[in-house]
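Here is the file target.txt (compact mmCIF, C-alpha atoms).
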```txt
# COMPACT_ATOMS: atom_id res chain seq x y z
CA MET A 1 0.00 0.00 0.00
CA LEU A 2 1.26 3.44 -0.93
CA PRO A 3 0.69 6.46 1.36
CA LEU A 4 -1.84 8.17 -0.95
CA ASP A 5 -3.78 5.11 -2.13
CA GLY A 6 -7.46 6.08 -2.29
CA ILE A 7 -6.77 9.81 -2.75
CA THR A 8 -8.15 11.39 -5.95
CA VAL A 9 -6.62 14.51 -7.46
CA ILE A 10 -8.21 16.62 -10.19
CA ALA A 11 -5.49 18.56 -12.00
CA LEU A 12 -6.30 21.61 -14.11
CA GLU A 13 -2.67 21.94 -15.06
CA HIS A 14 -0.21 22.80 -17.77
CA ALA A 15 3.52 23.47 -18.22
CA VAL A 16 5.72 22.44 -15.26
CA ALA A 17 4.84 23.65 -11.74
CA ALA A 18 1.48 21.93 -11.21
CA PRO A 19 2.30 18.80 -13.27
CA PHE A 20 5.49 18.30 -11.25
CA ALA A 21 3.54 18.59 -7.98
CA THR A 22 0.79 16.19 -9.04
CA ARG A 23 3.22 13.67 -10.50
CA GLN A 24 4.76 13.35 -7.07
CA LEU A 25 1.32 12.79 -5.57
CA ALA A 26 0.85 10.05 -8.18
CA ASP A 27 4.24 8.60 -7.20
CA LEU A 28 2.78 8.10 -3.72
CA GLY A 29 -0.29 6.32 -5.04
CA ALA A 30 -2.82 9.11 -5.61
CA ARG A 31 -5.11 8.87 -8.59
CA VAL A 32 -4.41 11.97 -10.69
CA ILE A 33 -6.96 12.88 -13.36
CA LYS A 34 -5.35 15.42 -15.66
CA ILE A 35 -7.82 17.69 -17.47
CA GLU A 36 -6.53 18.68 -20.92
CA ARG A 37 -7.86 20.77 -23.78
CA PRO A 38 -9.42 18.70 -26.57
CA GLY A 39 -7.16 18.43 -29.58
CA LYS A 40 -4.02 20.02 -28.12
CA GLY A 41 -3.84 19.15 -24.44
CA ASP A 42 -1.29 20.50 -22.01
CA PHE A 43 0.85 22.85 -24.10
CA ALA A 44 3.95 21.25 -22.58
CA ARG A 45 3.22 18.29 -24.87
CA GLY A 46 4.50 20.48 -27.69
CA TYR A 47 7.62 21.98 -26.11
CA ASP A 48 9.94 19.65 -28.04
CA THR A 49 10.17 16.13 -29.50
CA ARG A 50 13.47 15.07 -27.94
CA ALA A 51 12.19 12.16 -25.83
CA ARG A 52 11.71 9.70 -28.69
CA GLY A 53 9.19 11.97 -30.32
CA MET A 54 7.58 13.20 -27.11
CA SER A 55 8.21 16.37 -25.12
CA SER A 56 11.00 16.01 -22.57
CA HIS A 57 9.15 18.17 -20.05
CA PHE A 58 5.94 16.19 -20.45
CA VAL A 59 7.61 12.79 -20.11
CA TRP A 60 9.35 13.92 -16.92
CA SER A 61 6.32 15.33 -15.12
CA ASN A 62 3.26 13.35 -16.23
CA ARG A 63 3.69 9.65 -15.61
CA SER A 64 1.08 7.68 -13.65
CA LYS A 65 -1.73 10.08 -14.59
CA GLU A 66 -5.02 9.67 -16.45
CA SER A 67 -5.75 12.10 -19.29
CA LEU A 68 -9.30 13.40 -19.73
CA THR A 69 -9.89 15.91 -22.52
CA LEU A 70 -12.54 18.43 -21.56
CA ASP A 71 -13.61 21.78 -22.97
CA LEU A 72 -14.05 23.86 -19.83
CA LYS A 73 -15.45 26.77 -21.81
CA SER A 74 -18.55 24.70 -22.54
CA GLU A 75 -21.49 24.12 -20.22
CA ASP A 76 -21.28 20.36 -20.77
CA GLY A 77 -17.59 20.36 -19.94
CA MET A 78 -18.17 22.21 -16.68
CA LYS A 79 -20.92 19.76 -15.74
CA VAL A 80 -18.49 16.88 -16.14
CA LEU A 81 -15.86 18.73 -14.10
CA SER A 82 -18.42 19.35 -11.35
CA LYS A 83 -19.17 15.62 -11.16
CA LEU A 84 -15.45 14.86 -10.98
CA ILE A 85 -14.93 17.33 -8.15
CA ASP A 86 -17.72 15.55 -6.25
CA THR A 87 -15.41 12.50 -6.16
CA ALA A 88 -12.14 14.33 -5.43
CA ASP A 89 -9.98 14.95 -2.39
CA ILE A 90 -7.71 17.53 -4.00
CA LEU A 91 -8.03 20.10 -6.79
CA VAL A 92 -4.81 21.54 -8.20
CA GLN A 93 -4.82 24.35 -10.74
CA ASN A 94 -2.32 26.66 -12.39
CA LEU A 95 -4.63 28.29 -14.90
CA ALA A 96 -4.21 31.89 -16.03
CA PRO A 97 -4.59 34.49 -13.25
CA GLY A 98 -8.23 34.79 -12.20
CA ALA A 99 -9.45 31.98 -14.47
CA ALA A 100 -10.40 29.56 -11.69
CA ASN A 101 -12.55 32.16 -9.90
CA ARG A 102 -14.28 33.12 -13.15
CA MET A 103 -15.13 29.43 -13.65
CA GLY A 104 -16.67 29.15 -10.19
CA LEU A 105 -13.70 27.18 -8.84
CA GLY A 106 -12.68 29.57 -6.09
CA PHE A 107 -12.22 28.23 -2.58
CA GLU A 108 -15.27 29.87 -1.02
CA THR A 109 -17.57 28.55 -3.75
CA LEU A 110 -16.23 25.00 -3.67
CA HIS A 111 -15.72 24.79 0.09
CA ALA A 112 -19.40 25.45 0.74
CA LYS A 113 -20.31 22.36 -1.29
CA HIS A 114 -17.21 20.26 -0.61
CA PRO A 115 -15.93 21.09 2.90
CA LYS A 116 -13.30 18.34 2.81
CA LEU A 117 -11.82 19.38 -0.56
CA ILE A 118 -8.21 20.62 -0.57
CA ILE A 119 -7.65 23.29 -3.22
CA CYS A 120 -4.13 24.22 -4.32
CA ASN A 121 -3.69 27.25 -6.55
CA ILE A 122 -0.32 27.84 -8.20
CA SER A 123 0.38 31.23 -9.76
CA GLY A 124 3.23 33.57 -10.49
CA TYR A 125 2.62 36.19 -7.84
CA GLY A 126 -0.19 35.03 -5.55
CA PRO A 127 -3.91 35.82 -5.25
CA ASN A 128 -3.63 39.47 -4.23
CA GLY A 129 -1.26 42.43 -4.35
CA PRO A 130 -0.30 44.69 -7.28
CA GLU A 131 1.17 41.87 -9.40
CA THR A 132 -1.60 39.30 -8.94
CA ASP A 133 -2.83 39.46 -12.56
CA ARG A 134 0.61 39.47 -14.11
CA LYS A 135 1.56 36.57 -16.36
CA ALA A 136 4.51 34.58 -15.09
CA TYR A 137 6.81 32.13 -16.83
CA ASP A 138 9.81 30.50 -15.25
CA LEU A 139 12.57 32.68 -16.74
CA LEU A 140 10.61 35.84 -16.00
CA VAL A 141 10.26 34.86 -12.35
CA GLN A 142 13.98 34.03 -12.20
CA ALA A 143 14.57 37.64 -13.21
CA GLU A 144 11.92 39.11 -10.89
CA ALA A 145 13.20 37.17 -7.88
CA GLY A 146 16.78 38.38 -8.33
CA PHE A 147 18.01 34.92 -9.29
CA LEU A 148 19.62 36.14 -12.53
CA SER A 149 21.53 38.83 -10.64
CA ILE A 150 23.57 36.19 -8.79
CA THR A 151 23.86 33.53 -11.52
CA GLY A 152 26.32 33.59 -14.40
CA THR A 153 29.71 35.20 -14.84
CA ASP A 154 31.02 38.57 -13.72
CA THR A 155 30.19 39.99 -17.15
CA LYS A 156 26.91 38.25 -17.99
CA PRO A 157 23.93 36.92 -16.00
CA SER A 158 22.64 33.44 -16.85
CA LYS A 159 19.39 31.58 -16.28
CA ALA A 160 19.32 28.26 -14.50
CA GLY A 161 19.56 25.29 -16.83
CA ILE A 162 16.30 23.93 -15.41
CA SER A 163 12.91 25.53 -14.68
CA VAL A 164 13.94 26.36 -11.15
CA ALA A 165 11.03 28.71 -10.31
CA ASP A 166 8.49 26.17 -11.57
CA ILE A 167 10.19 23.35 -9.68
CA ALA A 168 10.34 25.37 -6.46
CA ALA A 169 6.62 26.16 -6.75
CA GLY A 170 5.82 22.53 -7.55
CA MET A 171 7.73 21.29 -4.52
CA TYR A 172 5.96 23.70 -2.16
CA ALA A 173 2.60 22.74 -3.68
CA TYR A 174 3.40 19.06 -3.11
CA THR A 175 4.53 19.48 0.50
CA ASN A 176 1.67 21.83 1.39
CA ILE A 177 -0.86 19.36 -0.03
CA LEU A 178 0.62 16.59 2.13
CA ALA A 179 0.38 18.89 5.16
CA ALA A 180 -3.23 19.73 4.29
CA LEU A 181 -4.08 16.02 4.13
CA LEU A 182 -2.62 15.56 7.62
CA GLN A 183 -4.59 18.56 8.88
CA ARG A 184 -7.79 17.23 7.30
CA GLY A 185 -7.24 13.98 9.15
CA LYS A 186 -7.41 15.96 12.41
CA THR A 187 -10.12 18.50 11.60
CA GLY A 188 -12.16 16.82 8.86
CA LYS A 189 -11.93 20.01 6.82
CA GLY A 190 -10.20 20.88 3.57
CA ALA A 191 -8.01 23.91 3.03
CA GLU A 192 -6.96 26.47 0.47
CA ILE A 193 -3.28 26.57 -0.51
CA ASN A 194 -1.87 29.45 -2.55
CA ILE A 195 1.61 28.89 -3.98
CA SER A 196 3.44 31.75 -5.67
CA MET A 197 6.41 31.09 -7.94
CA LEU A 198 7.97 34.35 -6.77
CA GLU A 199 7.62 33.42 -3.11
CA ALA A 200 8.90 29.89 -3.69
CA LEU A 201 12.05 31.04 -5.49
CA ALA A 202 12.60 33.90 -3.04
CA GLU A 203 12.69 31.31 -0.25
CA TRP A 204 15.24 29.24 -2.16
CA ILE A 205 17.62 32.17 -2.56
CA GLY A 206 17.47 33.20 1.08
CA TYR A 207 21.25 32.94 1.52
CA PRO A 208 22.19 35.60 -1.08
CA MET A 209 19.30 37.75 0.11
CA TYR A 210 20.62 37.73 3.69
CA TYR A 211 24.19 38.11 2.44
CA ALA A 212 23.03 41.45 1.01
CA THR A 213 21.22 42.55 4.22
CA ASP A 214 20.66 46.29 4.66
CA GLY A 215 21.87 47.15 1.17
CA ALA A 216 25.20 45.31 1.40
CA GLU A 217 26.87 44.07 -1.78
CA PRO A 218 25.24 40.85 -3.04
CA PRO A 219 27.34 37.77 -3.87
CA ALA A 220 29.28 38.27 -7.08
CA ARG A 221 28.37 36.14 -10.08
CA ALA A 222 31.05 33.46 -10.17
CA GLY A 223 30.17 31.12 -13.03
CA ALA A 224 30.50 27.50 -11.92
CA ALA A 225 32.46 28.48 -8.80
CA HIS A 226 31.03 29.42 -5.42
CA ALA A 227 30.65 33.15 -4.93
CA THR A 228 31.95 33.31 -1.35
CA ILE A 229 33.74 30.02 -0.53
CA PHE A 230 37.13 29.24 -2.08
CA PRO A 231 38.44 26.97 -3.46
CA TYR A 232 35.03 25.62 -4.41
CA GLY A 233 34.44 25.15 -8.10
CA PRO A 234 36.02 23.90 -11.35
CA PHE A 235 39.78 23.53 -11.90
CA MET A 236 41.54 22.31 -15.03
CA ALA A 237 43.64 19.15 -14.94
CA GLY A 238 46.58 18.37 -17.17
CA ASP A 239 44.47 16.54 -19.77
CA GLY A 240 42.27 19.58 -20.39
CA LYS A 241 39.32 18.24 -18.40
CA GLU A 242 37.83 20.07 -15.43
CA VAL A 243 37.39 18.71 -11.93
CA MET A 244 35.08 20.22 -9.31
CA LEU A 245 36.38 20.40 -5.76
CA GLY A 246 35.15 22.01 -2.61
CA LEU A 247 36.76 22.98 0.70
CA GLN A 248 34.34 23.90 3.47
CA ASN A 249 36.59 24.46 6.49
CA ASP A 250 40.15 25.05 7.68
CA ARG A 251 40.72 21.39 8.52
CA GLU A 252 40.14 20.50 4.86
CA TRP A 253 42.39 23.38 3.83
CA THR A 254 45.20 21.92 5.95
CA THR A 255 44.77 18.50 4.32
CA PHE A 256 44.62 20.06 0.85
CA CYS A 257 47.90 21.95 1.41
CA ARG A 258 49.75 18.94 2.77
CA ASP A 259 48.41 16.04 0.71
CA ILE A 260 47.43 17.60 -2.61
CA LEU A 261 49.48 20.76 -3.11
CA GLU A 262 52.39 19.26 -1.13
CA ALA A 263 53.05 22.76 0.22
CA PRO A 264 52.29 22.78 3.96
CA ALA A 265 53.62 26.32 4.31
CA LEU A 266 50.55 27.58 2.42
CA GLU A 267 48.39 26.53 5.37
CA THR A 268 49.50 29.57 7.39
CA ASP A 269 50.24 31.90 4.48
CA PRO A 270 48.30 35.08 5.42
CA ARG A 271 46.89 35.23 1.89
CA PHE A 272 45.14 31.92 2.42
CA ASP A 273 44.79 31.24 6.17
CA SER A 274 40.99 31.77 6.24
CA ASN A 275 38.18 31.36 3.79
CA HIS A 276 37.81 35.13 3.60
CA ALA A 277 41.48 35.49 2.73
CA ARG A 278 41.38 32.67 0.17
CA ALA A 279 38.35 34.25 -1.51
CA ALA A 280 40.04 37.65 -1.59
CA ASN A 281 43.19 36.14 -3.15
CA LYS A 282 41.56 33.56 -5.39
CA LEU A 283 43.61 34.49 -8.46
CA ASP A 284 46.88 33.70 -6.70
CA LEU A 285 45.51 30.48 -5.22
CA THR A 286 44.00 29.39 -8.52
CA ALA A 287 47.40 29.70 -10.18
CA ILE A 288 48.96 27.49 -7.49
CA ILE A 289 46.23 24.85 -7.79
CA MET A 290 46.35 24.81 -11.59
CA ALA A 291 50.14 24.42 -11.57
CA THR A 292 49.77 21.36 -9.34
CA PHE A 293 46.82 19.83 -11.23
CA SER A 294 48.60 20.27 -14.58
CA LYS A 295 50.80 17.29 -13.68
CA TRP A 296 47.82 14.90 -13.57
CA SER A 297 44.82 13.82 -15.57
CA ALA A 298 41.33 14.63 -14.30
CA GLU A 299 40.85 11.05 -13.08
CA GLU A 300 44.19 11.17 -11.27
CA VAL A 301 43.15 14.42 -9.58
CA ILE A 302 39.86 12.85 -8.50
CA THR A 303 41.66 9.79 -7.14
CA LYS A 304 44.06 11.94 -5.12
CA LEU A 305 41.31 14.21 -3.79
CA SER A 306 39.16 11.24 -2.79
CA ALA A 307 42.08 9.56 -1.01
CA ALA A 308 42.67 12.76 0.96
CA GLY A 309 38.99 13.10 1.88
CA ILE A 310 38.54 16.26 -0.19
CA ALA A 311 35.07 16.57 -1.76
CA ASN A 312 35.14 16.45 -5.53
CA ALA A 313 33.04 15.71 -8.60
CA ARG A 314 33.36 15.04 -12.30
CA MET A 315 31.97 17.65 -14.69
CA ASN A 316 29.34 15.33 -16.14
CA ASP A 317 27.08 16.12 -19.06
CA MET A 318 23.67 14.52 -19.68
CA ALA A 319 25.28 11.42 -21.16
CA GLY A 320 27.33 11.09 -18.00
CA LEU A 321 24.20 11.34 -15.88
CA TRP A 322 22.37 8.68 -17.93
CA ALA A 323 25.34 6.38 -17.40
CA HIS A 324 26.15 7.34 -13.81
CA PRO A 325 27.48 4.24 -12.04
CA GLN A 326 25.98 5.24 -8.67
CA LEU A 327 22.45 5.41 -10.06
CA LYS A 328 22.95 2.01 -11.67
CA ALA A 329 24.49 0.45 -8.57
CA ARG A 330 21.60 1.68 -6.39
CA GLY A 331 19.03 0.28 -8.80
CA ARG A 332 17.37 3.64 -9.38
CA TRP A 333 16.25 3.02 -12.97
CA ARG A 334 12.85 1.68 -13.98
CA GLU A 335 10.85 1.63 -17.23
CA VAL A 336 7.51 3.33 -17.76
CA ASP A 337 5.15 2.83 -20.66
CA THR A 338 4.44 5.69 -23.05
CA PRO A 339 2.47 6.14 -26.27
CA VAL A 340 5.72 5.44 -28.17
CA GLY A 341 6.95 2.50 -26.11
CA PRO A 342 8.89 1.98 -22.87
CA MET A 343 11.06 4.80 -21.54
CA PRO A 344 13.63 4.73 -18.72
CA ALA A 345 12.67 6.69 -15.61
CA LEU A 346 14.34 7.37 -12.30
CA LEU A 347 12.69 6.32 -9.08
CA PRO A 348 11.82 9.44 -7.08
CA PRO A 349 14.12 10.15 -4.13
CA GLY A 350 13.24 8.65 -0.77
CA GLY A 351 10.07 6.62 -0.50
CA VAL A 352 7.78 5.35 2.25
CA GLY A 353 6.65 1.74 2.34
CA ALA A 354 6.05 0.18 -1.05
CA GLU A 355 8.03 1.21 -4.11
CA PRO A 356 6.69 4.42 -5.67
CA ARG A 357 4.15 4.09 -8.44
CA MET A 358 5.71 4.22 -11.92
CA ASP A 359 2.80 3.90 -14.34
CA ALA A 360 2.45 4.99 -17.95
CA ILE A 361 2.63 8.48 -19.43
CA PRO A 362 -0.85 9.04 -20.91
CA ALA A 363 -1.71 9.81 -24.50
CA LEU A 364 -3.95 12.84 -24.91
CA GLY A 365 -7.48 11.89 -23.86
CA GLN A 366 -6.51 8.26 -23.35
CA HIS A 367 -8.80 7.83 -20.34
CA SER A 368 -11.69 10.11 -21.31
CA ARG A 369 -14.22 7.40 -22.09
CA ALA A 370 -13.36 5.26 -19.06
CA ILE A 371 -13.61 8.20 -16.67
CA LEU A 372 -16.94 9.34 -18.08
CA GLU A 373 -18.29 5.81 -17.81
CA GLU A 374 -17.30 5.85 -14.12
CA LEU A 375 -19.42 8.97 -13.75
CA GLY A 376 -22.42 7.01 -15.04
CA MET A 377 -22.50 8.17 -18.66
CA ASP A 378 -23.54 5.73 -21.36
CA SER A 379 -21.86 5.33 -24.74
CA ALA A 380 -24.42 7.47 -26.56
CA SER A 381 -23.91 10.38 -24.16
CA ILE A 382 -20.15 10.10 -24.43
CA ASP A 383 -20.34 9.97 -28.22
CA ALA A 384 -22.50 13.09 -28.15
CA LEU A 385 -19.90 14.97 -26.10
CA SER A 386 -17.20 13.84 -28.50
CA GLY A 387 -19.26 14.98 -31.47
CA LYS A 388 -19.62 18.45 -29.95
CA GLY A 389 -15.90 18.69 -29.24
CA VAL A 390 -16.42 18.73 -25.46
CA ILE A 391 -14.01 15.80 -25.06
```
Translate the structure of the given file into structure tokens.
Amino acid sequence: MLPLDGITVIALEHAVAAPFATRQLADLGARVIKIERPGKGDFARGYDTRARGMSSHFVWSNRSKESLTLDLKSEDGMKVLSKLIDTADILVQNLAPGAANRMGLGFETLHAKHPKLIICNISGYGPNGPETDRKAYDLLVQAEAGFLSITGTDTKPSKAGISVADIAAGMYAYTNILAALLQRGKTGKGAEINISMLEALAEWIGYPMYYATDGAEPPARAGAAHATIFPYGPFMAGDGKEVMLGLQNDREWTTFCRDILEAPALETDPRFDSNHARAANKLDLTAIIMATFSKWSAEEVITKLSAAGIANARMNDMAGLWAHPQLKARGRWREVDTPVGPMPALLPPGGVGAEPRMDAIPALGQHSRAILEELGMDSASIDALSGKGVI
């Protein structure tokens, strides 16, 4: 038995934030019914075709769900949605700002009829305030939250390589929904959850925000290196490959000087005898490290660092991640079915009890007929909805 067996989620979702949250609920056993637009579906289905003809974003965030196509601008479509909500424990939506309220899906309206229903709204800026109606996409929120100001090089800001604002919002939606289920178990009542992408990402960058307290200088953009801890970042080995290493304290600095640089006098060199000093004199220290590393290949550097207990990492690309020996050794790979055949998928981190659910990625509208039959509709009625373009 999985923790969320018996829980039904209705997902009015698209793109990344809400689908990522509901996929994790499905991982834990919840039944997730994904409402999609007839004909086109979740627009993330069309982001790319890199996952064997399917969208990479969609494959990642939509396994173990059922797809019901439904025109929510039609009266018939809203009637079907109303019947579905009657059966649901959770409603998740990341529609355009204000859309859910205009459709009669606001908390006050639904709570009066469904007091146990948990409603999670995901938006860019939250349900009130001067920016509430502003459209929000991941990169735009990265900029608005100050993330771009601390990411990149000293000459050019850079976005994160993943949809970090969407993922942050999706994670807070997921954890808040779990908390709301626990609360409902105590009170018998549902709850309203409002997740803002801006607020989620602002929480994640709390360290640089506090670093710049009271108008102080923010952390400098440092590329792949750490902005304030040194040495902590990429260094070139003699074979032209880069190795990541990180020193977090003076004990590790002592070991690094003696066992790697073979220069124990550097331990007490005033240029380098504290993290603050090392960061201030990083150009001099980089030259010393590079001169030492130039004698070895990247794998030799990694071997030496590991033997000395110095944290390190290879600079993997996506091919390196697919082939990572640790993921293989820990048995983290599974296969999930898709409309184009089996695809590899990683087990989600952690897990409680039984192995997480890893069911198929749905084709658009794959479950429409079966879901409508569950609601008591006969074939003629379903065919009529199909003929009108409602499903």
Residues within 12 Å of (-21.6, 15.0, -22.6), counting all atoms listed in the file, listed as JSON, numbers by chain: {"A": [69, 70, 71, 72, 74, 75, 76, 77, 78, 79, 80, 81, 83, 368, 369, 372, 373, 375, 376, 377, 378, 379, 380, 381, 382, 383, 384, 385, 386, 387, 388, 389, 390, 391]}
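Surrounding residues of (12.3, 6.6, -9.0) at most 7 Å away are A:Arg332, A:Trp333, A:Ala345, A:Leu346, A:Leu347, A:Pro348, A:Pro349, A:Pro356 (based on all atoms listed in the file).
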Which residues are near Leu140 (chain A)? Cut-off 10 Å, only C-alpha atoms, ignore same chain within fewer than 3 positions. Put them as JSON, numbers by chain. {"A": [124, 135, 136, 137, 143, 144, 145, 148, 159, 165, 198]}
Just the selected residues (C-alpha atoms), exported as an mmCIF file, in the frame of the given file, please.
```
data_model
loop_
_atom_site.group_PDB
_atom_site.id
_atom_site.type_symbol
_atom_site.label_atom_id
_atom_site.label_comp_id
_atom_site.auth_asym_id
_atom_site.auth_seq_id
_atom_site.Cartn_x
_atom_site.Cartn_y
_atom_site.Cartn_z
ATOM 1 C CA GLY A 124 3.230 33.570 -10.490
ATOM 2 C CA LYS A 135 1.560 36.570 -16.360
ATOM 3 C CA ALA A 136 4.510 34.580 -15.090
ATOM 4 C CA TYR A 137 6.810 32.130 -16.830
ATOM 5 C CA ALA A 143 14.570 37.640 -13.210
ATOM 6 C CA GLU A 144 11.920 39.110 -10.890
ATOM 7 C CA ALA A 145 13.200 37.170 -7.880
ATOM 8 C CA LEU A 148 19.620 36.140 -12.530
ATOM 9 C CA LYS A 159 19.390 31.580 -16.280
ATOM 10 C CA ALA A 165 11.030 28.710 -10.310
ATOM 11 C CA LEU A 198 7.970 34.350 -6.770
#
```
Can you tell me, as a VMD selection string, what residues are no more than 7 Å from Leu2 (chain A) when counting all atoms listed in the file, ignoring any on the same chain fewer than 6 positions away? chain A and resid 28 to 29 353 to 354
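Comparing A:Ile162, A:Lys40, A:Ala308, A:Ala212 by their smallest distance to Ser56 (chain A), the closest is A:Ile162 (using all atoms listed in the file).
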Figure out the distance between CA of Val340 (chain A) and CA of Gly53 (chain A), please, to one decimal in Å. 7.7 Å
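Rounded to one decimal, CA of His111 (chain A) and CA of Val16 (chain A) lie 26.5 Å from each other.
Candidate residues A:His57, A:Arg23, A:Arg314, A:His367 were compared for distance to Ile35 (chain A), and the nearest is A:His367, using all atoms listed in the file.
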Identify, on the basis of all atoms listed in the file, every residue whose closest approach to Tyr47 (chain A) does not exceed 10 Å; exclude the query and any residue fewer than 4 positions from it along the same chain; express the result as a compact mmCIF listing (two decimals) with C-alpha atoms, in the coordinates of the input.
```
# COMPACT_ATOMS: atom_id res chain seq x y z
CA ALA A 15 3.52 23.47 -18.22
CA ASP A 42 -1.29 20.50 -22.01
CA PHE A 43 0.85 22.85 -24.10
CA MET A 54 7.58 13.20 -27.11
CA SER A 55 8.21 16.37 -25.12
CA SER A 56 11.00 16.01 -22.57
CA HIS A 57 9.15 18.17 -20.05
CA PHE A 58 5.94 16.19 -20.45
```
